[in-house]
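What's in my_file_34.txt: compact mmCIF, C-alpha atoms and all ligand atoms
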```txt
# COMPACT_ATOMS: atom_id res chain seq x y z
CA MET A 1 20.88 6.16 -11.08
CA SER A 2 18.37 8.14 -9.04
CA ASP A 3 19.15 9.34 -5.48
CA LEU A 4 16.41 7.00 -4.27
CA VAL A 5 15.58 3.47 -5.34
CA VAL A 6 12.30 1.79 -4.40
CA TYR A 7 12.36 -2.01 -4.62
CA GLY A 8 9.04 -3.71 -5.21
CA VAL A 9 6.17 -4.14 -7.66
CA PRO A 10 3.43 -1.55 -8.30
CA PHE A 11 0.65 -4.04 -7.44
CA SER A 12 1.85 -4.37 -3.82
CA GLN A 13 -0.19 -2.40 -1.29
CA PRO A 14 2.68 -1.25 0.97
CA VAL A 15 4.75 -0.37 -2.11
CA ARG A 16 1.77 1.64 -3.33
CA ALA A 17 1.67 3.67 -0.09
CA VAL A 18 5.36 4.58 -0.36
CA VAL A 19 5.25 5.40 -4.07
CA TRP A 20 2.10 7.47 -3.57
CA ALA A 21 3.82 9.64 -0.97
CA LEU A 22 6.79 10.13 -3.31
CA LEU A 23 4.54 11.12 -6.24
CA LEU A 24 2.47 13.42 -4.05
CA LYS A 25 5.58 15.20 -2.80
CA GLU A 26 7.16 15.15 -6.29
CA GLN A 27 10.24 13.41 -4.91
CA PRO A 28 12.13 11.67 -7.74
CA PHE A 29 12.81 7.93 -7.43
CA GLU A 30 13.53 4.88 -9.52
CA MET A 31 11.67 1.62 -9.07
CA ILE A 32 13.53 -1.67 -9.39
CA LEU A 33 11.22 -4.65 -9.77
CA ILE A 34 11.54 -7.29 -7.06
CA ASN A 35 9.42 -10.41 -7.17
CA PRO A 36 7.80 -10.84 -3.73
CA GLY A 37 8.31 -14.20 -2.04
CA HIS A 38 10.73 -15.58 -4.63
CA SER A 39 14.20 -16.79 -3.70
CA GLY A 40 15.71 -16.64 -7.21
CA GLU A 41 17.60 -13.67 -8.60
CA GLY A 42 15.42 -10.55 -8.43
CA GLY A 43 13.27 -12.09 -5.70
CA SER A 44 12.56 -10.71 -2.23
CA ARG A 45 13.95 -13.86 -0.60
CA HIS A 46 17.22 -13.85 -2.57
CA PRO A 47 20.33 -13.32 -0.38
CA ASP A 48 21.20 -10.09 -2.23
CA TYR A 49 17.82 -8.60 -1.33
CA LEU A 50 17.83 -9.99 2.21
CA ALA A 51 21.08 -8.07 2.75
CA LYS A 52 19.08 -4.89 2.06
CA ASN A 53 15.87 -5.87 3.88
CA PRO A 54 16.27 -8.79 6.32
CA GLY A 55 12.50 -9.33 6.47
CA GLY A 56 12.49 -10.30 2.79
CA THR A 57 9.41 -8.26 1.89
CA ILE A 58 8.70 -5.37 -0.43
CA PRO A 59 8.98 -2.39 -0.29
CA CYS A 60 12.55 -1.51 0.57
CA ILE A 61 14.33 1.71 -0.31
CA GLU A 62 17.99 2.36 -1.03
CA GLU A 63 19.94 5.59 -1.18
CA PRO A 64 22.75 4.64 -3.59
CA GLU A 65 25.01 7.51 -2.53
CA THR A 66 25.43 6.15 1.00
CA GLY A 67 24.22 2.57 0.53
CA PHE A 68 21.57 3.12 3.21
CA THR A 69 18.67 0.69 2.90
CA LEU A 70 15.38 0.49 4.79
CA GLY A 71 12.50 -1.96 4.73
CA GLU A 72 8.93 -1.82 6.11
CA ALA A 73 6.56 0.60 4.37
CA HIS A 74 5.64 2.58 7.47
CA ALA A 75 9.24 3.00 8.60
CA ILE A 76 10.06 4.15 5.07
CA LEU A 77 7.18 6.64 5.04
CA THR A 78 8.10 8.23 8.36
CA TYR A 79 11.81 8.25 7.44
CA LEU A 80 11.15 10.01 4.11
CA ALA A 81 8.72 12.45 5.72
CA GLN A 82 11.27 13.43 8.36
CA LYS A 83 14.15 13.55 5.90
CA HIS A 84 12.33 15.77 3.40
CA GLY A 85 10.26 17.81 5.86
CA TRP A 86 6.85 16.60 4.65
CA THR A 87 5.13 18.25 7.61
CA ASP A 88 1.73 18.25 5.88
CA LEU A 89 1.79 14.44 5.81
CA TYR A 90 3.65 14.03 9.13
CA PRO A 91 3.31 17.17 11.28
CA GLU A 92 6.11 18.22 13.62
CA SER A 93 3.90 18.15 16.70
CA LEU A 94 4.88 15.06 18.72
CA GLN A 95 1.29 14.44 19.65
CA GLU A 96 0.09 14.52 16.04
CA ARG A 97 3.00 12.28 15.02
CA GLY A 98 2.18 9.94 17.86
CA ARG A 99 -1.38 9.56 16.58
CA ILE A 100 -0.20 8.91 13.03
CA ASP A 101 2.28 6.33 14.33
CA ALA A 102 -0.50 4.73 16.38
CA TYR A 103 -2.61 4.30 13.25
CA LEU A 104 0.37 2.90 11.32
CA HIS A 105 0.88 0.26 14.03
CA TYR A 106 -2.84 -0.48 14.29
CA HIS A 107 -3.01 -1.00 10.50
CA HIS A 108 -0.93 -4.17 10.40
CA ARG A 109 -3.24 -6.84 11.83
CA ASN A 110 -6.43 -5.03 10.86
CA VAL A 111 -6.75 -2.90 7.73
CA ARG A 112 -3.87 -4.83 6.14
CA GLU A 113 -6.17 -7.86 5.99
CA CYS A 114 -7.91 -6.26 2.96
CA SER A 115 -5.09 -7.69 0.88
CA MET A 116 -6.06 -11.19 1.90
CA LEU A 117 -9.24 -10.92 -0.19
CA VAL A 118 -7.21 -9.90 -3.23
CA ALA A 119 -4.53 -12.54 -2.60
CA ALA A 120 -7.15 -15.27 -2.30
CA LYS A 121 -8.38 -14.34 -5.79
CA VAL A 122 -5.11 -13.72 -7.60
CA ARG A 123 -2.90 -16.35 -5.87
CA LYS A 124 -4.97 -19.53 -6.18
CA ASP A 125 -1.66 -21.43 -6.00
CA LEU A 126 -1.32 -20.45 -2.32
CA ASN A 127 -4.59 -22.24 -1.43
CA PHE A 128 -5.96 -19.87 1.20
CA SER A 129 -8.46 -21.95 3.14
CA ALA A 130 -12.09 -20.91 3.56
CA ASP A 131 -11.41 -20.54 7.30
CA MET A 132 -8.52 -18.13 6.70
CA GLN A 133 -10.62 -16.06 4.32
CA GLU A 134 -13.50 -15.96 6.81
CA GLN A 135 -11.13 -14.86 9.57
CA SER A 136 -9.84 -12.07 7.30
CA ARG A 137 -13.38 -10.95 6.47
CA ARG A 138 -14.11 -10.68 10.20
CA SER A 139 -10.93 -8.64 10.80
CA ILE A 140 -11.72 -6.36 7.87
CA ALA A 141 -15.31 -5.80 9.03
CA GLY A 142 -14.02 -4.88 12.51
CA ALA A 143 -11.37 -2.53 11.10
CA MET A 144 -13.80 -0.82 8.69
CA LYS A 145 -16.14 -0.21 11.61
CA VAL A 146 -13.32 1.37 13.64
CA LEU A 147 -12.40 3.64 10.75
CA ASP A 148 -16.00 4.54 9.94
CA GLN A 149 -17.32 5.06 13.47
CA GLN A 150 -14.19 6.27 15.28
CA TYR A 151 -11.47 7.73 13.07
CA LEU A 152 -13.76 9.26 10.43
CA ALA A 153 -16.82 10.08 12.54
CA GLY A 154 -15.78 13.67 13.20
CA SER A 155 -13.15 14.51 10.60
CA ASP A 156 -12.64 14.51 6.84
CA TYR A 157 -9.50 12.37 7.05
CA LEU A 158 -8.29 9.80 9.58
CA LEU A 159 -6.53 12.33 11.79
CA GLY A 160 -7.90 15.73 10.89
CA ASP A 161 -8.84 17.93 7.99
CA GLN A 162 -6.04 16.93 5.64
CA PRO A 163 -4.55 13.60 4.56
CA THR A 164 -1.49 12.31 6.41
CA LEU A 165 0.72 9.24 6.06
CA ALA A 166 -2.02 7.33 7.88
CA ASP A 167 -4.53 8.04 5.10
CA LEU A 168 -2.09 7.02 2.36
CA ALA A 169 -1.31 3.72 4.11
CA ALA A 170 -4.98 2.99 4.80
CA CYS A 171 -6.21 3.93 1.34
CA ALA A 172 -3.50 1.88 -0.36
CA GLU A 173 -5.14 -1.16 1.26
CA ILE A 174 -8.83 -0.28 1.25
CA ALA A 175 -9.41 1.33 -2.17
CA GLN A 176 -8.27 -1.80 -4.00
CA LEU A 177 -11.48 -3.55 -2.87
CA SER A 178 -13.83 -0.82 -4.12
CA PRO A 179 -16.20 -1.20 -7.10
CA SER A 180 -13.89 0.92 -9.30
CA PHE A 181 -11.19 -1.73 -8.92
CA THR A 182 -11.46 -5.36 -7.77
CA ASN A 183 -15.02 -4.98 -6.40
CA LEU A 184 -14.37 -7.46 -3.60
CA TYR A 185 -16.03 -5.65 -0.69
CA ASP A 186 -19.28 -3.81 -0.09
CA PHE A 187 -18.61 -0.51 1.73
CA SER A 188 -22.23 0.72 1.57
CA SER A 189 -22.84 0.23 5.29
CA PHE A 190 -19.86 2.52 6.10
CA PRO A 191 -20.94 6.05 5.07
CA ASN A 192 -17.96 7.92 6.57
CA LEU A 193 -15.52 5.48 5.04
CA SER A 194 -17.25 5.74 1.64
CA ARG A 195 -17.08 9.55 1.77
CA TRP A 196 -13.38 9.33 2.74
CA LEU A 197 -12.65 6.95 -0.17
CA GLU A 198 -14.11 9.51 -2.55
CA SER A 199 -11.95 12.28 -1.03
CA MET A 200 -8.82 10.13 -1.19
CA ALA A 201 -9.43 9.51 -4.91
CA GLN A 202 -8.85 13.26 -5.40
CA VAL A 203 -5.41 13.21 -3.75
CA SER A 204 -2.60 13.76 -6.25
CA GLY A 205 -0.94 10.47 -7.29
CA TYR A 206 -4.01 8.31 -6.57
CA ASP A 207 -4.74 7.58 -10.24
CA THR A 208 -1.13 6.72 -11.04
CA VAL A 209 -0.62 4.31 -8.15
CA HIS A 210 -3.93 2.59 -8.88
CA ILE A 211 -3.17 1.93 -12.56
CA PRO A 212 -2.46 -1.80 -11.92
CA LEU A 213 -5.87 -2.12 -10.22
CA ALA A 214 -7.71 -0.12 -12.87
CA THR A 215 -6.09 -2.38 -15.48
CA LEU A 216 -7.12 -5.49 -13.57
CA GLY A 217 -10.70 -4.30 -13.05
CA ASP A 218 -13.53 -6.22 -11.39
CA ILE A 219 -12.35 -9.68 -10.31
CA SER A 220 -15.30 -10.49 -8.06
CA GLU A 221 -16.74 -13.06 -10.47
CA GLN A 222 -13.64 -14.37 -12.18
CA ALA A 223 -10.07 -14.67 -10.92
CA PRO A 224 -7.50 -13.13 -13.28
CA SER A 225 -4.80 -15.26 -14.88
CA ILE A 226 -1.19 -14.74 -13.87
CA GLU A 227 -0.58 -13.20 -17.32
CA VAL A 228 -3.29 -10.58 -16.74
CA LEU A 229 -1.80 -9.85 -13.32
CA LYS A 230 1.69 -9.45 -14.77
CA ALA A 231 0.36 -7.14 -17.49
CA ALA A 232 -1.41 -4.99 -14.85
CA ASN A 233 1.82 -4.72 -12.88
CA MET A 234 3.77 -3.72 -15.98
CA GLN A 235 1.20 -1.02 -16.81
CA GLY A 236 1.78 0.39 -13.33
CA PHE A 237 5.55 0.17 -13.74
CA LYS A 238 5.43 1.97 -17.09
CA ALA A 239 3.23 4.74 -15.61
CA LEU A 240 5.74 5.28 -12.79
CA LYS A 241 8.61 5.47 -15.28
CA ASP A 242 6.70 7.97 -17.41
CA SER A 243 5.84 10.11 -14.40
CA GLY A 244 9.48 10.26 -13.20
N1 LIG A 301 5.15 -5.23 7.02
C1 LIG A 301 5.60 -5.13 5.65
C2 LIG A 301 4.76 -6.07 4.81
C3 LIG A 301 5.18 -6.05 3.37
C4 LIG A 301 4.58 -7.21 2.59
O1 LIG A 301 3.83 -8.03 3.14
N2 LIG A 301 4.91 -7.27 1.33
C5 LIG A 301 4.52 -8.42 0.52
C6 LIG A 301 4.03 -7.99 -0.85
S1 LIG A 301 2.59 -7.01 -0.75
C7 LIG A 301 5.74 -9.31 0.32
O2 LIG A 301 6.82 -8.82 0.15
N3 LIG A 301 5.54 -10.63 0.35
C8 LIG A 301 6.58 -11.57 0.06
C9 LIG A 301 6.95 -12.42 1.23
O3 LIG A 301 6.40 -12.25 2.32
O4 LIG A 301 7.81 -13.29 1.02
C10 LIG A 301 5.51 -3.69 5.15
O5 LIG A 301 4.56 -3.00 5.55
O6 LIG A 301 6.37 -3.24 4.38
```
Written as C-alpha cells, how would this file's structure read?
Amino acid sequence: MSDLVVYGVPFSQPVRAVVWALLLKEQPFEMILINPGHSGEGGSRHPDYLAKNPGGTIPCIEEPETGFTLGEAHAILTYLAQKHGWTDLYPESLQERGRIDAYLHYHHRNVRECSMLVAAKVRKDLNFSADMQEQSRRSIAGAMKVLDQQYLAGSDYLLGDQPTLADLAACAEIAQLSPSFTNLYDFSSFPNLSRWLESMAQVSGYDTVHIPLATLGDISEQAPSIEVLKAANMQGFKALKDSG
C-alpha cells in the first residue's frame, strides 16, 4: 500500500483539487473509491468512513503508517503543502499564506456553487428546485465578478505571478463549467477569468484530473445517464492509476 491514500472519486471537485496538487508535485498516492453520500459499504456515510472523516464527505486522506486521517480538501492541501515543503504552492511567508487561506475560506459559499450547476444536471434524482439553481447562479455570478475584477485584475494568478493552492482549488470548480467540458456557463463577460482559465489549463496535471469531464463532454443540452457518469469516473480512476 502507498504511503498516502486518497479516498474519493475523480469526478468530485474537492478531490480533484487534492489529486491535482499531488500530481503536480509528483507525490505518489493511491486512490480508494468512496461513493459520496452513500451509507452502504464503500460509501462516505458508512460508519467505517465516518471514523476517518466525521463530516462524511470526500476527499479524505490516510497515512497508513501512522493511521492519521484528515478530511476537508483545503485542510488536506495545506497539510500536504506544509508536510512536503511545497513552498511554490503555499509560500512560507505568513502574509502570503494568510491570503491563500483567506481565498480557501472564501471559496466555500461562493466559487464552490459552480458544482451546483453540474449536480443539477447529473443528479436529477436529487430534484434541485429552480429556486435553488437560480440562487446558485446568482452566487456564481457574484464570485466570478470578484475573481475577474479583484483577484485577477492585476495578476496572472489569484495571488501573484504563479499558481498557488488557491488557484488549484478555484480551477477545480470553475473549469468544469467551461466549453471544453460541461459547457454550463458563459465566461465571455469575464476577460481576466477567461485568460486565467487558459493559463491554468497549462499547469501540469490539469489534463489528467479533468479526464472525467473530458469524457463526459458537453452536457448543456442533454443530461448524461448514470452509466455515462460512472464510465467517466472510471476513466479518471484508470488515468490516475496509470500515472502513479
Ligand atoms: N467541504 C468539503 C466538501 C466536500 C464535498 O462536498 N464532497 C462531496 C462530493 S463532491 C461529498 O462528499 N458529498 C457527499 C455528502 O455530502 O454526503 C471539502 O472541501 O472537502
Correct to one decimal, the distance CA of Leu50 in chain A-CA of Arg16 in chain A is 20.6 Å
Mind listing the residues within 8 Å of ligand LIG 301 (chain A), only C-alpha atoms and all ligand atoms counted, as a ChimeraX atom specification? /A:8,11-15,35-38,44-45,55-60,71-74,108,115
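Here CA of Val209 in chain A stands at a distance of 6.9 Å from CA of Gly236 in chain A.
When all atoms listed in the file are used to compute distances to Lys52 in chain A, the closest of the residues A:Ala119, A:Val6, A:Ala231, A:Ala17 turns out to be A:Val6.
For the pair CA of Glu63 in chain A and CA of Leu240 in chain A, the separation is 18.3 Å.
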Could I get the residues of range 25-107 of chain A with an atom no further than 10 Å from an atom of range 167-180 of chain A, each paired with its nearest atom pair and that distance in Å to one decimal, using only C-alpha atoms, sorted by chain and residue number, as a Markdown table?
```
| residue | atom | partner | partner_atom | distance |
| --- | --- | --- | --- | --- |
| A:Ala73 | CA | A:Ala169 | CA | 8.5 |
| A:His74 | CA | A:Ala169 | CA | 7.8 |
| A:Leu77 | CA | A:Ala169 | CA | 9.0 |
| A:Leu89 | CA | A:Asp167 | CA | 9.0 |
| A:Ile100 | CA | A:Asp167 | CA | 9.1 |
| A:Tyr103 | CA | A:Ala170 | CA | 8.9 |
| A:Leu104 | CA | A:Ala169 | CA | 7.4 |
| A:His107 | CA | A:Ala170 | CA | 7.2 |
```
Cut-off 10 Å: closest range 84-126 of chain A/range 20-30 of chain A atom pairs per residue, using all atoms listed in the file, as a tab-separated table:
```
residue	atom	partner	partner_atom	distance
A:His84	CA	A:Gln27	CA	8.9
A:Trp86	CA	A:Lys25	CA	7.7
A:Asp88	CA	A:Lys25	CA	10.0
A:Leu89	CA	A:Ala21	CA	8.6
```
Size and centre in Å, one decimal, axis-aligned box, all listed range 204-222 of chain A atoms plus 4 Å per side, as JSON:
```
{"center_x": -8.7, "center_y": -0.3, "center_z": -10.9, "size_x": 24.1, "size_y": 36.1, "size_z": 17.2}
```
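Residue nearest Ala166 in chain A, chosen from A:Asp3, A:Asp101, A:Glu134, A:Glu41 and counting all atoms listed in the file: A:Asp101.
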Near Phe181 in chain A, counting only C-alpha atoms, which residues have an atom at most 10 Å away, once you skip same-chain residues fewer than 4 positions from it, shown as a PyMOL selection string? chain A and resi 175-177+210-220
